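Undergrad: Data: data_19.txt, compact mmCIF, C-alpha atoms.
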# COMPACT_ATOMS: atom_id res chain seq x y z
CA MET A 1 -54.09 -31.97 -131.91
CA SER A 2 -55.15 -33.70 -128.71
CA SER A 3 -58.44 -32.70 -127.15
CA ASN A 4 -56.99 -31.21 -123.96
CA ASN A 5 -55.22 -28.28 -125.65
CA GLN A 6 -58.31 -27.00 -127.46
CA PHE A 7 -60.04 -23.71 -126.74
CA PRO A 8 -63.45 -23.91 -125.03
CA GLN A 9 -66.37 -25.28 -127.02
CA TRP A 10 -69.20 -23.15 -128.41
CA GLU A 11 -72.51 -24.21 -129.97
CA VAL A 12 -73.41 -22.66 -133.30
CA PHE A 13 -76.90 -21.62 -134.39
CA LEU A 14 -77.57 -20.36 -137.90
CA GLN A 15 -80.49 -18.43 -139.35
CA GLU A 16 -81.05 -19.25 -142.97
CA LYS A 17 -83.34 -16.34 -143.87
CA ASN A 18 -84.85 -13.33 -142.16
CA GLY A 19 -87.73 -14.49 -139.93
CA LYS A 20 -86.70 -18.16 -139.91
CA PRO A 21 -85.64 -19.82 -136.64
CA PHE A 22 -82.01 -20.20 -135.66
CA GLU A 23 -81.06 -23.85 -136.02
CA HIS A 24 -78.29 -25.72 -134.28
CA GLN A 25 -75.45 -26.59 -136.68
CA GLY A 26 -72.75 -28.08 -134.49
CA SER A 27 -69.89 -26.74 -132.43
CA VAL A 28 -66.57 -24.92 -132.74
CA HIS A 29 -63.60 -24.25 -130.49
CA ALA A 30 -62.70 -20.63 -129.79
CA ALA A 31 -61.04 -18.42 -127.18
CA ASP A 32 -63.64 -15.64 -127.25
CA LYS A 33 -66.92 -14.50 -128.80
CA LYS A 34 -65.35 -12.88 -131.85
CA MET A 35 -63.24 -15.92 -132.64
CA ALA A 36 -66.24 -18.19 -132.11
CA LEU A 37 -68.33 -16.21 -134.62
CA GLN A 38 -65.52 -16.23 -137.18
CA ASN A 39 -64.84 -19.93 -136.77
CA ALA A 40 -68.56 -20.63 -137.07
CA ARG A 41 -68.73 -18.49 -140.20
CA ASP A 42 -65.82 -20.36 -141.77
CA LEU A 43 -67.17 -23.79 -140.84
CA TYR A 44 -70.90 -23.46 -141.40
CA THR A 45 -71.60 -20.68 -143.91
CA ARG A 46 -69.07 -21.27 -146.69
CA ARG A 47 -71.72 -22.47 -149.10
CA ASN A 48 -74.12 -19.58 -148.69
CA GLU A 49 -76.17 -21.28 -145.96
CA GLY A 50 -77.09 -18.33 -143.80
CA ARG A 51 -77.50 -14.69 -142.92
CA ASN A 52 -77.12 -14.56 -139.14
CA LEU A 53 -75.15 -16.53 -136.56
CA TRP A 54 -75.43 -17.12 -132.84
CA VAL A 55 -72.70 -18.73 -130.76
CA VAL A 56 -73.20 -19.84 -127.17
CA PRO A 57 -70.58 -21.32 -124.83
CA THR A 58 -71.51 -24.98 -124.54
CA GLU A 59 -71.18 -24.85 -120.76
CA TYR A 60 -74.04 -22.33 -120.60
CA ILE A 61 -76.49 -24.64 -122.30
CA ALA A 62 -78.66 -26.46 -119.79
CA ALA A 63 -79.81 -29.83 -121.05
CA THR A 64 -82.06 -32.60 -119.80
CA THR A 65 -80.37 -35.92 -119.11
CA LEU A 66 -81.31 -39.34 -120.41
CA GLU A 67 -82.19 -40.36 -116.82
CA GLU A 68 -84.81 -37.61 -116.79
CA GLU A 69 -86.35 -38.73 -120.04
CA GLU A 70 -89.25 -40.71 -118.48
CA GLU A 71 -90.55 -37.99 -116.21
CA PHE A 72 -89.94 -35.19 -118.69
CA PHE A 73 -91.32 -36.66 -121.86
CA ASP A 74 -93.27 -39.91 -121.33
CA PRO A 75 -96.36 -38.25 -119.76
CA ALA A 76 -97.07 -36.57 -123.10
CA ALA A 77 -96.98 -39.85 -124.98
CA ASP A 78 -100.62 -40.93 -124.35
CA LYS A 79 -102.29 -37.53 -124.54
CA ILE A 80 -103.19 -37.57 -128.16
CA TYR A 81 -106.01 -35.06 -127.48
CA ARG A 82 -103.33 -32.40 -127.21
CA THR A 83 -102.69 -32.73 -130.90
CA PRO A 84 -105.16 -31.25 -133.38
CA ASN A 85 -106.06 -34.68 -134.89
CA PHE A 86 -109.74 -34.52 -133.86
CA TYR A 87 -110.71 -31.14 -135.18
CA LYS A 88 -112.89 -31.19 -138.24
CA MET A 89 -111.77 -28.84 -140.91
CA PRO A 90 -114.54 -26.37 -141.79
CA GLN A 91 -115.40 -26.72 -145.43
CA GLY A 92 -113.77 -24.24 -147.70
CA THR A 93 -110.95 -23.37 -145.26
CA LYS A 94 -107.73 -22.63 -146.99
CA ASN A 95 -104.17 -22.06 -145.87
CA LEU A 96 -104.59 -23.80 -142.49
CA MET B 1 -46.31 3.74 -171.64
CA LYS B 2 -49.69 3.11 -173.23
CA THR B 3 -52.75 2.88 -171.00
CA LYS B 4 -53.51 -0.69 -171.96
CA GLU B 5 -50.02 -1.89 -171.18
CA ALA B 6 -50.14 -0.08 -167.84
CA LEU B 7 -53.50 -1.61 -167.02
CA ILE B 8 -52.16 -5.10 -167.78
CA ASN B 9 -49.15 -4.49 -165.53
CA TYR B 10 -51.35 -3.17 -162.78
CA CYS B 11 -53.74 -6.15 -162.93
CA LEU B 12 -50.74 -8.48 -162.80
CA ARG B 13 -49.47 -6.62 -159.73
CA LEU B 14 -52.81 -7.03 -157.94
CA ALA B 15 -53.16 -10.64 -159.11
CA ASP B 16 -49.60 -11.59 -158.16
CA ASN B 17 -50.08 -10.20 -154.64
CA ASN B 18 -53.14 -12.38 -154.20
CA LEU B 19 -51.65 -15.46 -155.81
CA ILE B 20 -48.40 -15.43 -153.86
CA LEU B 21 -50.06 -14.76 -150.50
CA ALA B 22 -52.64 -17.45 -151.26
CA GLN B 23 -49.82 -19.91 -151.97
CA ARG B 24 -48.12 -19.00 -148.69
CA LEU B 25 -51.37 -19.50 -146.75
CA ALA B 26 -51.92 -22.83 -148.50
CA GLU B 27 -48.64 -23.99 -146.96
CA TRP B 28 -50.49 -23.97 -143.62
CA CYS B 29 -53.07 -26.50 -144.87
CA SER B 30 -53.25 -29.36 -142.31
CA ARG B 31 -50.63 -27.60 -140.13
CA GLY B 32 -52.78 -24.93 -138.49
CA PRO B 33 -52.48 -24.37 -134.75
CA PHE B 34 -55.95 -25.87 -134.30
CA LEU B 35 -58.59 -27.25 -136.61
CA GLU B 36 -60.79 -24.16 -136.89
CA GLU B 37 -57.84 -21.87 -137.63
CA ASP B 38 -56.53 -24.32 -140.21
CA ILE B 39 -59.86 -23.95 -142.01
CA ALA B 40 -59.88 -20.17 -141.56
CA MET B 41 -56.44 -19.77 -143.15
CA THR B 42 -57.17 -22.03 -146.11
CA ASN B 43 -60.49 -20.20 -146.53
CA ILE B 44 -58.65 -16.89 -146.81
CA SER B 45 -56.23 -18.56 -149.18
CA LEU B 46 -59.08 -19.68 -151.44
CA ASP B 47 -60.56 -16.18 -151.45
CA LEU B 48 -57.20 -14.82 -152.63
CA PHE B 49 -56.75 -17.52 -155.28
CA GLY B 50 -60.21 -16.59 -156.56
CA GLN B 51 -59.34 -12.90 -156.71
CA SER B 52 -56.11 -13.61 -158.57
CA GLU B 53 -57.94 -15.80 -161.08
CA THR B 54 -60.41 -12.99 -161.86
CA LEU B 55 -57.56 -10.52 -162.35
CA TYR B 56 -55.43 -12.86 -164.50
CA THR B 57 -58.43 -13.55 -166.71
CA TYR B 58 -58.94 -9.83 -167.27
CA ALA B 59 -55.23 -9.31 -167.92
CA SER B 60 -55.22 -12.16 -170.46
CA GLU B 61 -58.22 -10.64 -172.22
CA LEU B 62 -56.44 -7.29 -172.45
CA MET B 63 -53.29 -8.98 -173.74
CA ALA B 64 -55.30 -10.79 -176.43
CA ASN B 65 -52.28 -12.86 -177.42
CA GLY B 66 -53.64 -16.32 -176.66
CA LYS B 67 -52.19 -16.46 -173.15
CA THR B 68 -54.60 -17.78 -170.53
CA ALA B 69 -54.97 -16.96 -166.84
CA ASP B 70 -53.14 -20.21 -166.07
CA ASP B 71 -50.25 -19.25 -168.35
CA LEU B 72 -49.92 -16.00 -166.43
CA ALA B 73 -49.97 -17.75 -163.08
CA PHE B 74 -47.68 -20.64 -163.89
CA LYS B 75 -45.42 -19.73 -166.79
CA ARG B 76 -43.74 -16.51 -165.82
CA ASN B 77 -40.35 -16.19 -164.19
CA GLU B 78 -39.49 -14.46 -160.93
CA ARG B 79 -38.58 -11.12 -162.54
CA GLN B 80 -41.93 -11.05 -164.34
CA TYR B 81 -43.90 -11.10 -161.07
CA PHE B 82 -44.93 -7.70 -159.73
CA ASN B 83 -46.14 -8.71 -156.25
CA ASN B 84 -44.99 -6.82 -153.18
CA LEU B 85 -42.11 -8.22 -151.17
CA LEU B 86 -44.25 -8.58 -148.05
CA VAL B 87 -46.46 -11.35 -149.41
CA GLU B 88 -43.60 -13.56 -150.60
CA GLN B 89 -41.95 -13.69 -147.15
CA PRO B 90 -41.97 -17.16 -145.56
CA ASN B 91 -44.71 -17.92 -143.06
CA GLY B 92 -42.57 -18.24 -139.93
CA ASP B 93 -44.71 -19.07 -136.91
CA PHE B 94 -48.45 -18.45 -136.65
CA ALA B 95 -47.96 -14.94 -135.22
CA PHE B 96 -45.64 -14.08 -138.11
CA THR B 97 -48.22 -15.29 -140.64
CA MET B 98 -51.03 -13.32 -139.00
CA VAL B 99 -49.00 -10.10 -138.72
CA LYS B 100 -48.09 -10.45 -142.41
CA GLN B 101 -51.76 -11.05 -143.24
CA PHE B 102 -52.81 -8.07 -141.14
CA LEU B 103 -50.35 -5.70 -142.85
CA PHE B 104 -51.45 -6.89 -146.29
CA SER B 105 -55.21 -7.10 -145.65
CA THR B 106 -55.21 -3.57 -144.24
CA TYR B 107 -53.48 -2.46 -147.44
CA ALA B 108 -55.86 -4.38 -149.74
CA LYS B 109 -58.92 -3.09 -147.87
CA THR B 110 -57.73 0.51 -148.24
CA LEU B 111 -56.67 0.10 -151.86
CA TYR B 112 -59.91 -1.59 -152.97
CA ALA B 113 -62.00 1.13 -151.29
CA GLN B 114 -60.16 3.54 -153.58
CA LEU B 115 -60.43 1.35 -156.69
CA MET B 116 -64.21 1.25 -156.26
CA GLU B 117 -64.06 4.76 -157.77
CA SER B 118 -61.98 3.66 -160.78
CA ASN B 119 -63.24 4.59 -164.22
CA ASP B 120 -62.25 1.13 -165.46
CA ALA B 121 -65.49 -0.86 -165.18
CA PHE B 122 -63.72 -4.14 -164.49
CA LEU B 123 -61.49 -2.79 -161.70
CA LYS B 124 -64.44 -0.98 -160.17
CA GLY B 125 -66.51 -4.18 -160.15
CA PHE B 126 -63.62 -6.31 -158.94
CA ALA B 127 -62.88 -3.96 -156.04
CA SER B 128 -66.53 -3.73 -155.01
CA LYS B 129 -66.75 -7.52 -154.76
CA ALA B 130 -63.30 -8.26 -153.35
CA ILE B 131 -63.51 -5.66 -150.59
CA LYS B 132 -66.09 -7.75 -148.75
CA GLU B 133 -63.69 -10.69 -148.59
CA VAL B 134 -60.74 -8.50 -147.74
CA LYS B 135 -62.58 -6.76 -144.90
CA TYR B 136 -63.14 -10.17 -143.36
CA HIS B 137 -59.44 -11.05 -143.74
CA PHE B 138 -58.63 -7.78 -142.02
CA ARG B 139 -61.06 -8.55 -139.22
CA HIS B 140 -59.65 -12.04 -138.70
CA SER B 141 -55.98 -11.05 -138.78
CA SER B 142 -56.25 -7.79 -136.82
CA GLU B 143 -58.10 -9.52 -134.00
CA TRP B 144 -55.33 -12.09 -133.78
CA VAL B 145 -52.73 -9.31 -133.63
CA ILE B 146 -54.64 -7.71 -130.74
CA ARG B 147 -54.92 -11.08 -128.98
CA PHE B 148 -51.21 -11.81 -129.40
CA GLY B 149 -50.20 -8.42 -128.07
CA ASN B 150 -52.41 -8.68 -125.01
CA GLY B 151 -51.96 -12.42 -124.51
CA THR B 152 -49.01 -14.17 -122.87
CA ASP B 153 -45.40 -12.92 -122.83
CA GLU B 154 -44.67 -15.53 -125.46
CA SER B 155 -47.45 -14.44 -127.85
CA MET B 156 -46.51 -10.78 -127.39
CA LYS B 157 -42.82 -11.49 -128.12
CA ARG B 158 -43.66 -13.47 -131.24
CA ALA B 159 -45.99 -10.78 -132.60
CA GLN B 160 -43.47 -8.03 -131.83
CA ASN B 161 -40.73 -10.05 -133.52
CA ALA B 162 -42.93 -10.42 -136.61
CA ILE B 163 -43.51 -6.67 -136.82
CA ASN B 164 -39.80 -5.99 -136.38
CA GLU B 165 -38.97 -8.42 -139.19
CA LEU B 166 -41.74 -7.50 -141.63
CA TRP B 167 -41.89 -3.73 -141.25
CA ARG B 168 -39.05 -3.10 -143.69
CA PHE B 169 -41.11 -4.68 -146.50
CA THR B 170 -44.14 -2.44 -146.02
CA ASP B 171 -42.87 0.68 -147.85
CA ASP B 172 -42.66 -1.51 -150.95
CA MET B 173 -46.47 -1.61 -151.14
CA PHE B 174 -46.56 2.14 -151.76
CA VAL B 175 -43.85 2.43 -154.40
CA MET B 176 -45.11 3.72 -157.74
CA ASN B 177 -43.58 3.41 -161.20
CA GLU B 178 -44.50 4.48 -164.75
CA THR B 179 -47.48 2.10 -164.64
CA ASP B 180 -49.01 4.18 -161.87
CA GLU B 181 -48.20 7.48 -163.61
CA GLU B 182 -50.12 6.38 -166.70
CA LEU B 183 -53.11 5.00 -164.78
CA ILE B 184 -53.39 8.01 -162.48
CA SER B 185 -53.37 10.36 -165.48
CA THR B 186 -56.27 8.42 -167.00
CA GLY B 187 -58.36 8.15 -163.80
CA ILE B 188 -58.05 4.36 -163.56
CA THR B 189 -56.12 4.44 -160.27
CA PHE B 190 -55.43 7.18 -157.75
CA GLY B 191 -51.90 6.62 -156.50
CA ALA B 192 -50.46 5.29 -153.28
CA ASP B 193 -50.34 8.44 -151.16
CA SER B 194 -53.86 8.39 -149.74
CA VAL B 195 -53.74 4.58 -149.52
CA TYR B 196 -50.62 4.94 -147.39
CA THR B 197 -52.22 7.57 -145.13
CA ASN B 198 -55.28 5.41 -144.46
CA TRP B 199 -53.24 2.22 -144.14
CA LYS B 200 -50.88 3.79 -141.61
CA PHE B 201 -53.76 5.20 -139.59
CA THR B 202 -55.40 1.76 -139.28
CA VAL B 203 -52.13 -0.05 -138.60
CA ASP B 204 -51.22 2.43 -135.84
CA ASP B 205 -54.67 2.07 -134.36
CA ILE B 206 -54.55 -1.75 -134.18
CA LEU B 207 -50.94 -1.85 -132.93
CA ARG B 208 -51.84 0.62 -130.19
CA GLU B 209 -54.71 -1.62 -129.13
CA ALA B 210 -52.34 -4.59 -129.24
CA ASN B 211 -49.66 -2.75 -127.22
CA LEU B 212 -47.14 -3.52 -129.94
CA LEU B 213 -44.50 -1.09 -131.17
CA LEU B 214 -43.17 -0.12 -134.57
CA PRO B 215 -39.44 -0.79 -134.97
CA GLU B 216 -37.22 2.29 -135.11
CA ASP B 217 -34.62 1.20 -137.62
CA ASN B 218 -36.52 -0.27 -140.52
CA ASN B 219 -33.84 -0.92 -143.16
CA VAL B 220 -36.30 -0.51 -146.03
CA VAL B 221 -36.30 -2.92 -148.99
CA GLU B 222 -38.23 -2.15 -152.20
CA GLY B 223 -38.63 -3.48 -155.71
CA GLY B 224 -41.71 -5.72 -156.02
CA CYS B 225 -43.64 -3.68 -158.59
CA ASN B 226 -40.52 -3.60 -160.81
CA GLY B 227 -39.95 -7.35 -160.60
CA ILE B 228 -37.08 -7.16 -158.11
CA HIS B 229 -37.70 -9.69 -155.35
CA THR B 230 -36.23 -11.20 -152.21
CA GLU B 231 -34.66 -14.66 -152.45
CA HIS B 232 -37.88 -16.28 -151.23
CA LEU B 233 -40.03 -15.78 -154.33
CA GLY B 234 -37.94 -18.05 -156.56
CA HIS B 235 -38.27 -20.95 -154.15
CA LEU B 236 -42.00 -20.43 -153.83
CA LEU B 237 -42.45 -20.38 -157.63
CA CYS B 238 -40.27 -23.45 -157.97
CA GLU B 239 -42.74 -25.42 -155.89
CA MET B 240 -45.91 -23.74 -157.22
CA GLN B 241 -44.99 -24.04 -160.89
CA PHE B 242 -43.43 -27.50 -160.74
CA LEU B 243 -46.28 -29.38 -162.38
CA GLN B 244 -46.73 -26.92 -165.26
CA ARG B 245 -42.98 -26.84 -165.85
CA ALA B 246 -42.54 -30.63 -165.75
CA HIS B 247 -45.72 -31.45 -167.69
CA PRO B 248 -46.70 -28.35 -169.69
CA ASP B 249 -50.45 -28.05 -170.30
CA ALA B 250 -51.18 -31.23 -168.38
CA LYS B 251 -54.92 -31.77 -168.04
CA TRP B 252 -56.54 -32.92 -164.80
Rewrite the structure of this file - the entire thing - as structure tokens.
TA:
Amino acid sequence: MSSNNQFPQWEVFLQEKNGKPFEHQGSVHAADKKMALQNARDLYTRRNEGRNLWVVPTEYIAATTLEEEEEFFDPAADKIYRTPNFYKMPQGTKNL
Amino acid sequence: MKTKEALINYCLRLADNNLILAQRLAEWCSRGPFLEEDIAMTNISLDLFGQSETLYTYASELMANGKTADDLAFKRNERQYFNNLLVEQPNGDFAFTMVKQFLFSTYAKTLYAQLMESNDAFLKGFASKAIKEVKYHFRHSSEWVIRFGNGTDESMKRAQNAINELWRFTDDMFVMNETDEELISTGITFGADSVYTNWKFTVDDILREANLLLPEDNNVVEGGCNGIHTEHLGHLLCEMQFLQRAHPDAKW
């Protein structure tokens, strides 16, 4: 099974429970949407991991590159005031 | 024939179908056309092994003669297996395997929907659980049949060839014997007629979508539920039962 005779690649996202976010699991090869969902089901839900699946053709996922890392992410590194570290918790507050 | 004996025979028939098809699918392990499909086929195989184990266990309990589910799976001879001829046919190419799976899964899906109304609590429970797995097997195999038929000339030819070769074994799934007479009269099963009607409707529907044709001359072969098999079952059992025959009751 060489890599050049595989079907296109799809990314698999799985929702564990109702209301939880869909989380990336990995990828599968498939010729169409139906096959991608079935292959994802067989690969990632065999041990009762989930209740809902998304598959997305890998080519349709836009991603940042490592070259863009500095301008995308470094500016947030020294802005600690954006995190809630400095708020004082009102006394008696629960479930926050 | 007494009801209990008929029920044992019937459970063996259901179990043997699942066991033999599971064994055939297991032959694909590590040889699938691509990695994901290799996993899909062995996954279906495991579902069927599981179903057969449940049925053999129930049959062994009804027999109450000390025989275990493993004894039933591994220590009977060819003529004592009641599986349908379709499931024992060799895998052929991938299209052949999927067409075989499609014809059987459509049958199992239809049959289990009926058995969910059985007045035998075990069969009713078994069918209600197994139908979920079987519906998935139907989905997987029928979509492949549609893809083959509408794919390349090569895939269409291979799928059509599979239907031409396998069609003559399909009537065998709807043959009834004295086991069925007894179980129908006691409300445990409901007979093959309505199963056949629903099966044929679905098969026609999928083949139409796949642009595949039914063969005209079908040269029907029957005998599975009476223990009469094609030459392929003996070879399959030979391989499957080897360990138990060579080292009886060997422990893992």
Undergrad: May I have the residues of chain A within 8 Å of chain B, counting only C-alpha atoms, written as a count of residues only?
TA: 8
Undergrad: Around the point (-42.0, 3.0, -154.8), in the coordinates given by the file, pick out the residues reaching within 10 Å, counting only C-alpha atoms, and return them as a PyMOL selection string.
TA: chain B and resi 171-177+192+222-226
Undergrad: Write out as a ChimeraX atom specification each polymer residue whose atoms come within 10 Å of range 17-21 of chain A, counting only C-alpha atoms; drop sequence neighbours fewer than 5 positions from it.
TA: /A:49-52
Undergrad: So what do you get for CA of Cys29 in chain B versus CA of Leu236 in chain B, distance-wise?
TA: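 That distance, rounded to one decimal, is 15.5 Å.
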Undergrad: CA of Asn161 in chain B to CA of Ala36 in chain A: how many Å, to one decimal?
TA: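 Computed distance, CA of Asn161 in chain B to CA of Ala36 in chain A, equals 26.8 Å.
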Undergrad: Mind completing range 30-40 of chain B with all heavy atoms? Output as a PDB file, in the coordinates of the input, please?
TA:
ATOM      1  N   SER B  30     -53.447 -28.182-143.181  1.00  0.00           N
ATOM      2  CA  SER B  30     -53.250 -29.360-142.310  1.00  0.00           C
ATOM      3  C   SER B  30     -52.211 -29.098-141.215  1.00  0.00           C
ATOM      4  O   SER B  30     -51.917 -29.979-140.418  1.00  0.00           O
ATOM      5  CB  SER B  30     -52.858 -30.613-143.099  1.00  0.00           C
ATOM      6  OG  SER B  30     -51.464 -30.605-143.366  1.00  0.00           O
ATOM      7  N   ARG B  31     -51.634 -27.906-141.161  1.00  0.00           N
ATOM      8  CA  ARG B  31     -50.630 -27.600-140.130  1.00  0.00           C
ATOM      9  C   ARG B  31     -51.044 -26.450-139.230  1.00  0.00           C
ATOM     10  O   ARG B  31     -50.215 -25.882-138.514  1.00  0.00           O
ATOM     11  CB  ARG B  31     -49.309 -27.225-140.797  1.00  0.00           C
ATOM     12  CG  ARG B  31     -48.712 -28.383-141.560  1.00  0.00           C
ATOM     13  CD  ARG B  31     -47.576 -27.943-142.418  1.00  0.00           C
ATOM     14  NE  ARG B  31     -47.171 -29.037-143.282  1.00  0.00           N
ATOM     15  CZ  ARG B  31     -46.110 -29.012-144.061  1.00  0.00           C
ATOM     16  NH1 ARG B  31     -45.340 -27.947-144.083  1.00  0.00           N
ATOM     17  NH2 ARG B  31     -45.806 -30.045-144.814  1.00  0.00           N
ATOM     18  N   GLY B  32     -52.303 -26.046-139.305  1.00  0.00           N
ATOM     19  CA  GLY B  32     -52.780 -24.930-138.490  1.00  0.00           C
ATOM     20  C   GLY B  32     -52.652 -25.224-137.010  1.00  0.00           C
ATOM     21  O   GLY B  32     -52.539 -26.382-136.609  1.00  0.00           O
ATOM     22  N   PRO B  33     -52.636 -24.172-136.186  1.00  0.00           N
ATOM     23  CA  PRO B  33     -52.480 -24.370-134.750  1.00  0.00           C
ATOM     24  C   PRO B  33     -53.643 -25.135-134.121  1.00  0.00           C
ATOM     25  O   PRO B  33     -53.482 -25.800-133.120  1.00  0.00           O
ATOM     26  CB  PRO B  33     -52.399 -22.944-134.196  1.00  0.00           C
ATOM     27  CG  PRO B  33     -52.970 -22.067-135.256  1.00  0.00           C
ATOM     28  CD  PRO B  33     -52.718 -22.752-136.558  1.00  0.00           C
ATOM     29  N   PHE B  34     -54.827 -25.011-134.697  1.00  0.00           N
ATOM     30  CA  PHE B  34     -55.950 -25.870-134.300  1.00  0.00           C
ATOM     31  C   PHE B  34     -56.901 -25.945-135.494  1.00  0.00           C
ATOM     32  O   PHE B  34     -56.778 -25.170-136.443  1.00  0.00           O
ATOM     33  CB  PHE B  34     -56.633 -25.391-133.014  1.00  0.00           C
ATOM     34  CG  PHE B  34     -57.195 -24.002-133.048  1.00  0.00           C
ATOM     35  CD1 PHE B  34     -58.568 -23.779-133.135  1.00  0.00           C
ATOM     36  CD2 PHE B  34     -56.343 -22.892-132.990  1.00  0.00           C
ATOM     37  CE1 PHE B  34     -59.075 -22.493-133.157  1.00  0.00           C
ATOM     38  CE2 PHE B  34     -56.853 -21.601-133.005  1.00  0.00           C
ATOM     39  CZ  PHE B  34     -58.229 -21.404-133.098  1.00  0.00           C
ATOM     40  N   LEU B  35     -57.799 -26.919-135.431  1.00  0.00           N
ATOM     41  CA  LEU B  35     -58.590 -27.250-136.610  1.00  0.00           C
ATOM     42  C   LEU B  35     -59.314 -26.044-137.217  1.00  0.00           C
ATOM     43  O   LEU B  35     -59.247 -25.801-138.423  1.00  0.00           O
ATOM     44  CB  LEU B  35     -59.614 -28.341-136.245  1.00  0.00           C
ATOM     45  CG  LEU B  35     -60.486 -28.847-137.387  1.00  0.00           C
ATOM     46  CD1 LEU B  35     -59.649 -29.527-138.450  1.00  0.00           C
ATOM     47  CD2 LEU B  35     -61.545 -29.811-136.859  1.00  0.00           C
ATOM     48  N   GLU B  36     -59.997 -25.274-136.373  1.00  0.00           N
ATOM     49  CA  GLU B  36     -60.790 -24.160-136.890  1.00  0.00           C
ATOM     50  C   GLU B  36     -59.910 -23.124-137.586  1.00  0.00           C
ATOM     51  O   GLU B  36     -60.295 -22.538-138.597  1.00  0.00           O
ATOM     52  CB  GLU B  36     -61.580 -23.498-135.754  1.00  0.00           C
ATOM     53  CG  GLU B  36     -62.802 -24.288-135.279  1.00  0.00           C
ATOM     54  CD  GLU B  36     -62.445 -25.371-134.257  1.00  0.00           C
ATOM     55  OE1 GLU B  36     -61.245 -25.669-134.075  1.00  0.00           O
ATOM     56  OE2 GLU B  36     -63.368 -25.921-133.645  1.00  0.00           O
ATOM     57  N   GLU B  37     -58.724 -22.874-137.032  1.00  0.00           N
ATOM     58  CA  GLU B  37     -57.840 -21.870-137.630  1.00  0.00           C
ATOM     59  C   GLU B  37     -57.235 -22.401-138.927  1.00  0.00           C
ATOM     60  O   GLU B  37     -56.987 -21.638-139.867  1.00  0.00           O
ATOM     61  CB  GLU B  37     -56.750 -21.477-136.636  1.00  0.00           C
ATOM     62  CG  GLU B  37     -55.911 -20.289-137.071  1.00  0.00           C
ATOM     63  CD  GLU B  37     -56.726 -19.028-137.348  1.00  0.00           C
ATOM     64  OE1 GLU B  37     -57.709 -18.781-136.631  1.00  0.00           O
ATOM     65  OE2 GLU B  37     -56.382 -18.302-138.298  1.00  0.00           O
ATOM     66  N   ASP B  38     -57.010 -23.692-138.978  1.00  0.00           N
ATOM     67  CA  ASP B  38     -56.530 -24.320-140.210  1.00  0.00           C
ATOM     68  C   ASP B  38     -57.529 -24.045-141.342  1.00  0.00           C
ATOM     69  O   ASP B  38     -57.157 -23.648-142.454  1.00  0.00           O
ATOM     70  CB  ASP B  38     -56.423 -25.838-139.967  1.00  0.00           C
ATOM     71  CG  ASP B  38     -55.574 -26.529-141.022  1.00  0.00           C
ATOM     72  OD1 ASP B  38     -56.080 -26.754-142.142  1.00  0.00           O
ATOM     73  OD2 ASP B  38     -54.416 -26.823-140.720  1.00  0.00           O
ATOM     74  N   ILE B  39     -58.807 -24.213-141.020  1.00  0.00           N
ATOM     75  CA  ILE B  39     -59.860 -23.950-142.010  1.00  0.00           C
ATOM     76  C   ILE B  39     -59.926 -22.469-142.341  1.00  0.00           C
ATOM     77  O   ILE B  39     -60.078 -22.084-143.503  1.00  0.00           O
ATOM     78  CB  ILE B  39     -61.211 -24.478-141.495  1.00  0.00           C
ATOM     79  CG1 ILE B  39     -61.157 -26.001-141.422  1.00  0.00           C
ATOM     80  CG2 ILE B  39     -62.360 -24.011-142.374  1.00  0.00           C
ATOM     81  CD1 ILE B  39     -62.310 -26.611-140.681  1.00  0.00           C
ATOM     82  N   ALA B  40     -59.801 -21.618-141.328  1.00  0.00           N
ATOM     83  CA  ALA B  40     -59.880 -20.170-141.560  1.00  0.00           C
ATOM     84  C   ALA B  40     -58.774 -19.711-142.515  1.00  0.00           C
ATOM     85  O   ALA B  40     -59.017 -18.929-143.435  1.00  0.00           O
ATOM     86  CB  ALA B  40     -59.770 -19.423-140.234  1.00  0.00           C
TER      87      ALA B  40
END
